[in-house]
Amino acid sequence: MDPEFSKGFSDQIRAAAAERRALRIRGGGTKDFYGNEPRGELLDTRGCSGIVAYEPSELVVTARCGTLLADLIEVLFKQGQFLPFEPPGFGPGATLGGCVAAGLSGPRRASAGAVRDFMLGATILDGRGRMLAFGGQVMKNVAGYDVSRVLAGSLGTLGLILEISLKLAPRPVSELTLALEMPQAKALESMNRWAGQPLPISATAWRDGAFELRLSGAQGAVRAAADKLGGERVDSDSAARFWAGIREQSEPFFALPAPLWRLSLPSRAPQIELPGEQLIEWGGALRWLKSGADAATVRAAAAGAGGHATQFRASDKPGGAFAPLPPELARLHRELKQTFDPAGILNPGRLYQEF
Amino acid sequence: MGSALPQIDFQKQKNVAQALRAFLPERCVLWQEEDTRPYECDGLTAYRRLPMVVALPETEEQVQRILRTCHALGVPVVPRGAGTGLSGGALPLGDGVLLSLAKFMRVVRVDPLARIAVVQPGVRNAAISDVVAPFGLYYAPDPSSQIACSIGGNVAENSGGVHCLKYGLTVHNVLRVKGYTMQGEEVDFGSEALDAPGYDLLALVIGSEGLLAVITGVTVKLLPKTEAARVIMASFDDVQKAGDAVAAVIGAGIIPAGLEMMDKPATLAVEQFVHAGYDLEAAVILLCESDGSVEEVEEEISKMKEVLRAAGATRLAVSRDEAERLRFWSGRKAAFPAVGRISPDYYCMDGTIPKKRLGEVLNFIGSLEKKYGLRCPNVFHAGDGNLHPLILFDANDADQLKRTEEFAAEVLEKCIEVGGTITGEHGVGVEKIDQMCLQFGTAELEIFHSIKRAFDPKGLLNPGKAVPALSRCAEFGRMHVHAGKLDHPALPRF
Ligand SMILES: Cc1cc2nc3c(=O)[nH]c(=O)nc-3n(C[C@H](O)[C@H](O)[C@H](O)COP(=O)(O)OP(=O)(O)OC[C@H]3O[C@@H](n4cnc5c(N)ncnc54)[C@H](O)[C@@H]3O)c2cc1C
């Protein structure tokens, strides 16, 4: 990482640390809604952008935090490659740094993995303004604790992520979306059962009886699976629009009134009986809930099913956006925060109010 | 490599053994030399040390009490799985307790619909796939040591295998890890859902080499067995060409299920041992596997053949049936023991490099063979750039041992120089602790120590492994000269 790019940032962090002033790290601001309310003086990452290294045959790309996600995706697309975790942008301004910090993955998550699964390395500025490098640019690396994966989803509370190396994959040769109809319980059962068979299922979405399923892979495999699963074949343009709508939450479901909850559950958790509407993804492991139910009720239902609930989009997030941690994990979180950001100035409160 | 054996303090040994016997049955506490001797080393046999006491708990509650007791007494603890580790991670301490998880052999629960298995840490890697096979499922990471190594050890090392290019490492295939910190506090990382709230502590604990917590339960992800698999054996008359072929396969948009390389000295050693049917004329062979549905495999195999041929393969053989496929792999999986038969000792290295630097690094290793007068067959996970040079030596010859050590250090430093890493899957342990001073700067090492303190404030769990003390790096002499600046400027030089 060229220190020139980060000089301004490290000066800003050092000054803020000296005065214990909160900094709010922000790229395109497309995920301002996520987590607890951002606060503090703005640190805009967009000046630090660009792809640093990309060699398709290494399956690795290294890019700076302010790089537009859309630009990166475009460059990879031209080489027949992609980010397998299919990250949501939530707006054209989305940056790579924000994508990693938020740690959100899209429809392909259950089959391909999450942001953290593709993290190979990162260079960050910690809360003292020191430049630190973890991981690397190679695919297998077990030297030192795997800090770069921990950065995914840390919401900028551990450091300003300057540069990121990600593992890539070739885009699937063919894709086909099938539209089926079935009630929720049957859809949940089918998603789990099919995931246990060698079928190239790359995404699932169930909403109100409509069950969409995407197959990705070699032509022969996709064709054979489509014959086996049945349903109606969706034309590729509508399919692409549909999955983008799920990923970007522009589908009509997401416009329903009421706060949006994200329930992350074991895939085979039974139908969750809560007031409101649900949209199910990730083979049953992700359940979006539009509901006015109170936070305690939703959290208890998620915990009871072996998972956790996040208040994803809401004007008010009573008790915080994320599920509370058990005491021993809360202590480890506080100490990790202390390790990386002793003055507590980087996105304070964004993940948990306590730090 | 061998370190001076510290004398065991017999009074302390007696006290600690007694403290553990207060709640452990006799069969669970070993301290007499004839009983503790089998634990003196792991797979890195050049380092040996007798543990003061060996504890073999049978229940989680016993694990917790052992940790609490040792914590209170200030006695260090070294966790151990099957002891196949290759970096000395389970090397005992002469003043510590070796905590073996070998008795935790139970598969607690298999949920075929959810495609998960909950297992105890001592369960062998291969046993998981055996148990879930009737459901058409398997556990993907397959280290070559899979019939012996434990899942607890796999988690601690973030182990890979020949199929991890397509299916990922341990970190990609484990959903949840339960365990205890050194203070005996119960911890639970990850969940049966695909994520857990807060920081991804699961990712931090996987690959932490037994320094952060003792693992007592692992929930693994299971995958459906594919319908078909076939492997191509491709011969090349030149290392560089084979390296380019690897890049070409991946450049063609194919992620093979496995993509392995062996050079001629390695195939010669293997062929004497397992008769895998390798082409002994070739300078290097590639094993290139495709799996999936029957149609998919046919499609991919013919595409790969085309690419390999265009890249200059001198011979291509495709496995005709499952028996032949397994035979091709058996040679690769037995490569380490096979090499072990042609030399009194061998030293297995483990670095990762960008694939495009392959030819250069292999040539460099060739020049070191001449420089040190030692042979070094090469086996490696070509698809992900993970090298395993095997230096052949005789440990009874002190000078050979020393040359081996220097040879290995030069290879690791080369890996860093070309933009790679000193360990791809075997871990740092005690073996590569000095090279950690080259891989990381002072600030990163400080962060690692601080992470360690968050989990283990007294530094009693597997101390002296994986992360070097800053003072050690200062002593390490070959200091990290980076951009004309010396690292660790604040530390005294010796
Ligand atoms: C012939 C051979 C081939 C190999 N091939 C491969 C390969 O292809 N890929 C690969 O990645 N590795 C390979 N290895 C290395 C080794 O098998 C792996 O590192 C394996 O994961 C170690 O498991 P183990 O149970 O033997 O652990 P051990 O050697 O007992 O311990 C390894 C480390 O894990 C810690 N540990 C063990 N159990 C626990 C626990 N329950 N809680 C906390 N810490 C624990 C120990 O303290 C130590 O630091 C090979 C080794 C051999 C001998």
# chains A, B, ... in the order shown; residues from 1 in each chain; ligands from 1
>>> closest_atom_pairs(of="chain B", to="ligand 1", cutoff="6 Å", atoms="only C-alpha atoms and all ligand atoms", output="CSV")
residue,atom,partner,partner_atom_place_in_ligand_line,distance
B:Asp42,CA,ligand 1,29 (O),5.5
B:Gly43,CA,ligand 1,53 (C),5.2
B:Val78,CA,ligand 1,47 (O),5.5
B:Pro79,CA,ligand 1,47 (O),4.1
B:Arg80,CA,ligand 1,30 (O),3.9
B:Gly81,CA,ligand 1,30 (O),3.3
B:Ala82,CA,ligand 1,26 (O),3.7
B:Gly83,CA,ligand 1,30 (O),3.3
B:Thr84,CA,ligand 1,26 (O),3.4
B:Gly85,CA,ligand 1,29 (O),3.3
B:Leu86,CA,ligand 1,15 (C),5.2
B:Gly89,CA,ligand 1,49 (O),3.3
B:Ala90,CA,ligand 1,48 (C),4.1
B:Leu101,CA,ligand 1,41 (N),5.6
B:Pro121,CA,ligand 1,41 (N),5.1
B:Pro143,CA,ligand 1,8 (O),3.4
B:Ser144,CA,ligand 1,5 (N),3.9
B:Ser145,CA,ligand 1,3 (C),4.1
B:Cys149,CA,ligand 1,25 (O),4.1
B:Ser150,CA,ligand 1,25 (O),3.6
B:Gly152,CA,ligand 1,41 (N),4.1
B:Gly153,CA,ligand 1,23 (O),3.5
B:Asn154,CA,ligand 1,21 (O),3.4
B:Ala156,CA,ligand 1,34 (O),4.5
B:Glu157,CA,ligand 1,19 (O),5.3
B:Ser159,CA,ligand 1,11 (O),3.4
B:Gly160,CA,ligand 1,11 (O),4.1
B:Gly161,CA,ligand 1,8 (O),4.4
B:Glu209,CA,ligand 1,49 (O),4.1
B:Gly210,CA,ligand 1,44 (N),3.4
B:Ala213,CA,ligand 1,43 (C),5.8
B:Val214,CA,ligand 1,42 (N),3.8
B:Ile215,CA,ligand 1,42 (N),3.7
B:Thr216,CA,ligand 1,41 (N),5.7
B:Phe336,CA,ligand 1,1 (C),5.3
B:Glu425,CA,ligand 1,11 (O),4.4
B:His426,CA,ligand 1,19 (O),5.0
>>> select_by_dssp(residues="region 2-169 of chain A", states="strand (DSSP E)", output="JSON, numbers by chain")
{"A": [23, 24, 25, 26, 41, 42, 43, 44, 51, 52, 53, 54, 55, 60, 61, 62, 63, 64, 81, 82, 119, 120, 121, 122, 123, 124, 125, 131, 132, 133, 134, 135, 160, 161, 162, 163, 164, 165, 166, 167, 169]}
>>> closest_atom_pairs(of="chain A", to="chain B", cutoff="7 Å", atoms="only C-alpha atoms", output="tab-separated table")
residue	atom	partner	partner_atom	distance
A:Pro56	CA	B:Gly251	CA	6.4
A:Ser57	CA	B:Gly251	CA	4.7
A:Glu58	CA	B:Lys355	CA	6.4
A:Asp117	CA	B:His172	CA	6.3
A:Leu132	CA	B:Glu444	CA	5.9
A:Val138	CA	B:Pro354	CA	6.0
A:Met139	CA	B:Asp384	CA	5.7
A:Lys140	CA	B:Gly424	CA	4.6
A:Asn141	CA	B:Gly424	CA	4.2
A:Val142	CA	B:Gly424	CA	5.5
A:Ala143	CA	B:Thr423	CA	5.8
A:Gly144	CA	B:Val467	CA	6.8
A:Tyr145	CA	B:Ser208	CA	5.8
A:Asp146	CA	B:Leu204	CA	5.4
A:Val147	CA	B:Leu204	CA	6.6
A:Arg149	CA	B:Ala203	CA	6.3
A:Val150	CA	B:Asp200	CA	5.0
A:Gly153	CA	B:Tyr199	CA	6.8
A:Ser154	CA	B:Tyr199	CA	5.8
A:Pro170	CA	B:Gly253	CA	5.0
A:Asn192	CA	B:Leu113	CA	5.9
A:Arg193	CA	B:Leu113	CA	5.9
A:Gly196	CA	B:Pro224	CA	5.1
A:Gln197	CA	B:Pro224	CA	5.2
A:Pro198	CA	B:Pro224	CA	5.4
A:Ala218	CA	B:Glu296	CA	5.7
A:Gly220	CA	B:Glu295	CA	5.3
A:Ala221	CA	B:Glu296	CA	5.5
A:Ser264	CA	B:Ala193	CA	5.8
A:Leu265	CA	B:Ala193	CA	4.5
A:Pro266	CA	B:Ala193	CA	4.0
A:Ser267	CA	B:Ala114	CA	6.4
A:Arg268	CA	B:Ala114	CA	5.6
A:Ala285	CA	B:Ala193	CA	6.2
A:Gly306	CA	B:Glu192	CA	6.9
A:Gly307	CA	B:Ala193	CA	5.7
A:His308	CA	B:Ala196	CA	6.9
A:Phe322	CA	B:Pro197	CA	6.4
A:Ala323	CA	B:Pro197	CA	6.2
A:Glu328	CA	B:Val187	CA	6.9
A:Leu332	CA	B:Ala454	CA	6.2
A:Glu335	CA	B:Ala454	CA	5.6
A:Leu336	CA	B:Ile451	CA	6.4
A:Thr339	CA	B:Ser450	CA	6.0
>>> select_by_dssp(residues="region 87-231 of chain A", states="alpha helix (DSSP H)", output="PyMOL selection string")
chain A and resi 96-102+109-112+115-118+147-151+184-195+219-229
>>> residues_around(residues="region 62-77 of chain B", least_positions_apart="3", cutoff="6 Å", atoms="only C-alpha atoms", output="list of chain:residue names")
B:Pro57, B:Thr59, B:Gly96, B:Val97, B:Leu98, B:Met182, B:Gln183, B:Gly184, B:Leu460, B:Leu461, B:Asn462
>>> write_last_selection(atoms="N, CA and C atoms", output="short mmCIF file (atom, residue, chain, number, x, y, z; two decimals), in the first residue's frame")
data_model
loop_
_atom_site.label_atom_id
_atom_site.label_comp_id
_atom_site.auth_asym_id
_atom_site.auth_seq_id
_atom_site.Cartn_x
_atom_site.Cartn_y
_atom_site.Cartn_z
N PRO B 57 -8.31 -36.18 29.34
CA PRO B 57 -9.67 -36.08 29.86
C PRO B 57 -10.67 -36.86 29.01
N THR B 59 -14.28 -36.08 29.55
CA THR B 59 -15.50 -35.28 29.48
C THR B 59 -15.12 -33.80 29.36
N GLY B 96 5.03 -28.07 31.53
CA GLY B 96 3.60 -27.89 31.26
C GLY B 96 2.84 -29.19 31.16
N VAL B 97 1.52 -29.02 31.01
CA VAL B 97 0.63 -30.16 30.86
C VAL B 97 0.31 -30.32 29.38
N LEU B 98 0.46 -31.53 28.87
CA LEU B 98 0.02 -31.81 27.52
C LEU B 98 -1.42 -32.31 27.62
N MET B 182 -8.38 -20.55 28.38
CA MET B 182 -7.43 -21.02 29.38
C MET B 182 -7.98 -20.86 30.79
N GLN B 183 -8.84 -19.87 30.99
CA GLN B 183 -9.41 -19.68 32.33
C GLN B 183 -10.51 -20.70 32.62
N GLY B 184 -10.83 -21.52 31.63
CA GLY B 184 -11.90 -22.49 31.82
C GLY B 184 -13.27 -21.93 31.51
N LEU B 460 -0.90 -18.69 29.01
CA LEU B 460 -0.57 -20.06 29.43
C LEU B 460 -0.97 -21.12 28.40
N LEU B 461 -1.79 -20.76 27.41
CA LEU B 461 -2.24 -21.77 26.46
C LEU B 461 -1.30 -21.81 25.25
N ASN B 462 -0.63 -22.93 25.12
CA ASN B 462 0.34 -23.17 24.03
C ASN B 462 1.31 -22.01 23.82
#
>>> residues_around(residues="Ile365 (chain B)", least_positions_apart="6", cutoff="12 Å", atoms="only C-alpha atoms", output="compact mmCIF listing (two decimals) with N, CA, C and O atoms, in the first residue's frame")
# COMPACT_ATOMS: atom_id res chain seq x y z
N MET B 349 8.21 -28.94 3.90
CA MET B 349 7.98 -27.51 4.01
C MET B 349 6.62 -27.14 3.46
O MET B 349 5.97 -27.95 2.82
N LEU B 358 5.87 -19.83 -9.98
CA LEU B 358 6.17 -21.23 -9.74
C LEU B 358 7.50 -21.70 -10.33
O LEU B 358 8.34 -22.27 -9.63
N GLY B 359 7.68 -21.46 -11.63
CA GLY B 359 8.90 -21.92 -12.29
C GLY B 359 10.12 -21.34 -11.61
O GLY B 359 11.08 -22.06 -11.28
N LYS B 371 23.53 -26.10 -3.63
CA LYS B 371 24.24 -25.32 -2.63
C LYS B 371 24.42 -26.11 -1.33
O LYS B 371 25.48 -26.08 -0.72
N TYR B 372 23.37 -26.80 -0.91
CA TYR B 372 23.45 -27.50 0.38
C TYR B 372 23.76 -28.98 0.25
O TYR B 372 23.86 -29.69 1.25
N GLY B 373 23.87 -29.47 -0.99
CA GLY B 373 24.16 -30.88 -1.18
C GLY B 373 23.08 -31.78 -0.63
O GLY B 373 23.36 -32.85 -0.06
N LEU B 374 21.82 -31.37 -0.75
CA LEU B 374 20.70 -32.18 -0.26
C LEU B 374 19.65 -32.29 -1.35
O LEU B 374 19.45 -31.35 -2.11
N ARG B 375 19.00 -33.44 -1.42
CA ARG B 375 17.94 -33.62 -2.42
C ARG B 375 16.62 -33.06 -1.92
O ARG B 375 16.37 -33.04 -0.71
N CYS B 376 15.77 -32.63 -2.86
CA CYS B 376 14.51 -32.03 -2.45
C CYS B 376 13.40 -32.27 -3.48
O CYS B 376 13.16 -31.44 -4.36
N PRO B 377 12.73 -33.42 -3.39
CA PRO B 377 11.57 -33.63 -4.27
C PRO B 377 10.46 -32.61 -3.94
O PRO B 377 10.39 -32.13 -2.81
N ASN B 378 9.64 -32.33 -4.94
CA ASN B 378 8.57 -31.34 -4.74
C ASN B 378 7.21 -31.92 -5.03
O ASN B 378 6.98 -32.55 -6.06
N LEU B 387 3.22 -24.86 -1.94
CA LEU B 387 4.36 -25.76 -2.17
C LEU B 387 4.64 -26.66 -0.98
O LEU B 387 4.55 -26.21 0.15
N HIS B 388 5.05 -27.90 -1.27
CA HIS B 388 5.57 -28.77 -0.21
C HIS B 388 6.90 -29.37 -0.65
O HIS B 388 6.97 -30.56 -0.95
N PRO B 389 7.97 -28.57 -0.65
CA PRO B 389 9.27 -29.19 -0.93
C PRO B 389 9.62 -30.12 0.23
O PRO B 389 9.34 -29.81 1.38
N LEU B 390 10.20 -31.27 -0.11
CA LEU B 390 10.55 -32.25 0.92
C LEU B 390 12.07 -32.42 0.93
O LEU B 390 12.63 -33.04 0.02
N ILE B 391 12.72 -31.85 1.91
CA ILE B 391 14.18 -31.93 1.96
C ILE B 391 14.58 -33.26 2.59
O ILE B 391 14.10 -33.60 3.68
N PHE B 407 18.54 -24.48 4.43
CA PHE B 407 17.86 -24.69 3.15
C PHE B 407 16.39 -24.25 3.32
O PHE B 407 15.86 -23.43 2.54
N ALA B 408 15.75 -24.77 4.35
CA ALA B 408 14.33 -24.48 4.58
C ALA B 408 14.11 -22.98 4.79
O ALA B 408 13.17 -22.39 4.23
N ALA B 409 14.98 -22.37 5.57
CA ALA B 409 14.82 -20.95 5.84
C ALA B 409 14.90 -20.14 4.55
O ALA B 409 14.12 -19.22 4.32
N GLU B 410 15.83 -20.55 3.67
CA GLU B 410 15.96 -19.81 2.41
C GLU B 410 14.72 -19.95 1.55
O GLU B 410 14.31 -19.00 0.87
N VAL B 411 14.13 -21.14 1.57
CA VAL B 411 12.90 -21.33 0.77
C VAL B 411 11.78 -20.44 1.31
O VAL B 411 11.07 -19.78 0.55
N LEU B 412 11.63 -20.42 2.62
CA LEU B 412 10.56 -19.61 3.21
C LEU B 412 10.76 -18.13 2.88
O LEU B 412 9.81 -17.41 2.56
N GLU B 413 12.01 -17.70 2.97
CA GLU B 413 12.26 -16.29 2.68
C GLU B 413 11.98 -15.97 1.22
O GLU B 413 11.49 -14.89 0.89
N LYS B 414 12.25 -16.95 0.36
CA LYS B 414 11.93 -16.77 -1.06
C LYS B 414 10.41 -16.63 -1.24
O LYS B 414 9.93 -15.80 -2.03
N CYS B 415 9.67 -17.43 -0.50
CA CYS B 415 8.21 -17.35 -0.60
C CYS B 415 7.72 -15.94 -0.25
O CYS B 415 6.85 -15.39 -0.92
>>> residues_around(residues="Ala276 (chain B)", least_positions_apart="2", cutoff="7 Å", atoms="only C-alpha atoms", output="list in words")
Glu271, Val274, Tyr278, Arg327, Phe328, Ser330 and Gly331 of chain B
>>> residues_around(residues="region 261-270 of chain B", least_positions_apart="6", cutoff="6 Å", atoms="only C-alpha atoms", output="number ranges by chain")
B: 283-286, 331, 335, 338-339, 377-380, 382
>>> residues_around(residues="Val108 (chain B)", least_positions_apart="6", cutoff="10 Å", atoms="only C-alpha atoms", output="compact mmCIF listing (two decimals) with N, CA and C atoms, in the first residue's frame")
# COMPACT_ATOMS: atom_id res chain seq x y z
N ALA B 117 -22.76 -32.10 10.76
CA ALA B 117 -22.44 -33.11 11.76
C ALA B 117 -21.78 -32.39 12.93
N VAL B 118 -22.19 -32.79 14.12
CA VAL B 118 -21.57 -32.24 15.32
C VAL B 118 -20.65 -33.32 15.87
N VAL B 119 -19.37 -33.01 15.96
CA VAL B 119 -18.41 -34.04 16.35
C VAL B 119 -17.51 -33.54 17.47
N GLN B 120 -16.98 -34.50 18.19
CA GLN B 120 -15.99 -34.17 19.22
C GLN B 120 -14.63 -33.96 18.54
N GLY B 217 -15.80 -29.09 20.68
CA GLY B 217 -16.92 -29.49 19.82
C GLY B 217 -16.86 -28.74 18.50
N VAL B 218 -17.11 -29.44 17.41
CA VAL B 218 -17.03 -28.83 16.09
C VAL B 218 -18.26 -29.21 15.28
N THR B 219 -18.92 -28.21 14.71
CA THR B 219 -20.03 -28.49 13.80
C THR B 219 -19.53 -28.26 12.39
>>> closest_residue(among="B:Glu324, B:Glu260, B:Glu40, B:Asp394", to="Pro92 (chain B)", atoms="only C-alpha atoms")
B:Glu40
>>> decode(residues="region 175-185 of chain A", atoms="all heavy atoms", output="short mmCIF file (atom, residue, chain, number, x, y, z; two decimals), in the first residue's frame")
data_model
loop_
_atom_site.label_atom_id
_atom_site.label_comp_id
_atom_site.auth_asym_id
_atom_site.auth_seq_id
_atom_site.Cartn_x
_atom_site.Cartn_y
_atom_site.Cartn_z
N GLU A 175 -26.69 -20.34 -16.62
CA GLU A 175 -27.60 -20.17 -15.48
C GLU A 175 -29.02 -20.31 -15.98
O GLU A 175 -29.34 -19.94 -17.11
CB GLU A 175 -27.42 -18.79 -14.86
CG GLU A 175 -26.06 -18.61 -14.21
CD GLU A 175 -26.04 -17.62 -13.06
OE1 GLU A 175 -26.57 -16.51 -13.23
OE2 GLU A 175 -25.48 -17.97 -12.00
N LEU A 176 -29.85 -20.82 -15.10
CA LEU A 176 -31.27 -20.97 -15.45
C LEU A 176 -32.09 -20.84 -14.17
O LEU A 176 -31.75 -21.45 -13.16
CB LEU A 176 -31.50 -22.34 -16.09
CG LEU A 176 -32.94 -22.71 -16.42
CD1 LEU A 176 -33.53 -21.74 -17.44
CD2 LEU A 176 -33.02 -24.13 -16.95
N THR A 177 -33.14 -20.02 -14.25
CA THR A 177 -34.00 -19.87 -13.09
C THR A 177 -35.31 -20.60 -13.33
O THR A 177 -35.90 -20.51 -14.41
CB THR A 177 -34.25 -18.38 -12.80
OG1 THR A 177 -33.01 -17.80 -12.40
CG2 THR A 177 -35.27 -18.19 -11.68
N LEU A 178 -35.73 -21.33 -12.31
CA LEU A 178 -37.00 -22.06 -12.37
C LEU A 178 -37.98 -21.40 -11.43
O LEU A 178 -37.60 -20.97 -10.33
CB LEU A 178 -36.81 -23.51 -11.94
CG LEU A 178 -35.78 -24.34 -12.72
CD1 LEU A 178 -35.62 -25.71 -12.08
CD2 LEU A 178 -36.22 -24.47 -14.18
N ALA A 179 -39.25 -21.33 -11.83
CA ALA A 179 -40.29 -20.81 -10.95
C ALA A 179 -41.22 -21.95 -10.56
O ALA A 179 -41.79 -22.61 -11.43
CB ALA A 179 -41.06 -19.70 -11.65
N LEU A 180 -41.30 -22.18 -9.26
CA LEU A 180 -42.18 -23.24 -8.76
C LEU A 180 -43.21 -22.60 -7.83
O LEU A 180 -43.07 -21.43 -7.45
CB LEU A 180 -41.37 -24.29 -7.99
CG LEU A 180 -40.28 -25.01 -8.78
CD1 LEU A 180 -38.91 -24.48 -8.43
CD2 LEU A 180 -40.35 -26.49 -8.52
N GLU A 181 -44.19 -23.39 -7.46
CA GLU A 181 -45.14 -22.88 -6.47
C GLU A 181 -45.30 -23.89 -5.37
O GLU A 181 -45.52 -25.07 -5.63
CB GLU A 181 -46.50 -22.63 -7.15
CG GLU A 181 -46.37 -21.52 -8.14
CD GLU A 181 -47.64 -20.72 -8.31
OE1 GLU A 181 -48.63 -20.99 -7.60
OE2 GLU A 181 -47.61 -19.82 -9.17
N MET A 182 -45.17 -23.45 -4.16
CA MET A 182 -45.45 -24.34 -3.03
C MET A 182 -45.55 -23.53 -1.74
O MET A 182 -45.01 -22.44 -1.63
CB MET A 182 -44.39 -25.44 -2.92
CG MET A 182 -42.96 -25.02 -2.80
SD MET A 182 -41.86 -26.46 -2.71
CE MET A 182 -41.65 -26.87 -4.44
N PRO A 183 -46.27 -24.09 -0.78
CA PRO A 183 -46.39 -23.39 0.51
C PRO A 183 -45.05 -23.37 1.25
O PRO A 183 -44.15 -24.16 0.93
CB PRO A 183 -47.42 -24.23 1.27
CG PRO A 183 -47.49 -25.54 0.59
CD PRO A 183 -47.06 -25.33 -0.83
N GLN A 184 -44.96 -22.51 2.26
CA GLN A 184 -43.67 -22.27 2.91
C GLN A 184 -43.01 -23.53 3.47
O GLN A 184 -41.83 -23.79 3.23
CB GLN A 184 -43.82 -21.22 4.03
CG GLN A 184 -42.48 -20.83 4.58
CD GLN A 184 -42.50 -19.86 5.73
OE1 GLN A 184 -41.58 -19.82 6.49
NE2 GLN A 184 -43.54 -19.03 5.86
N ALA A 185 -43.80 -24.31 4.22
CA ALA A 185 -43.19 -25.46 4.88
C ALA A 185 -42.62 -26.42 3.84
O ALA A 185 -41.52 -26.96 4.00
CB ALA A 185 -44.23 -26.17 5.74
#
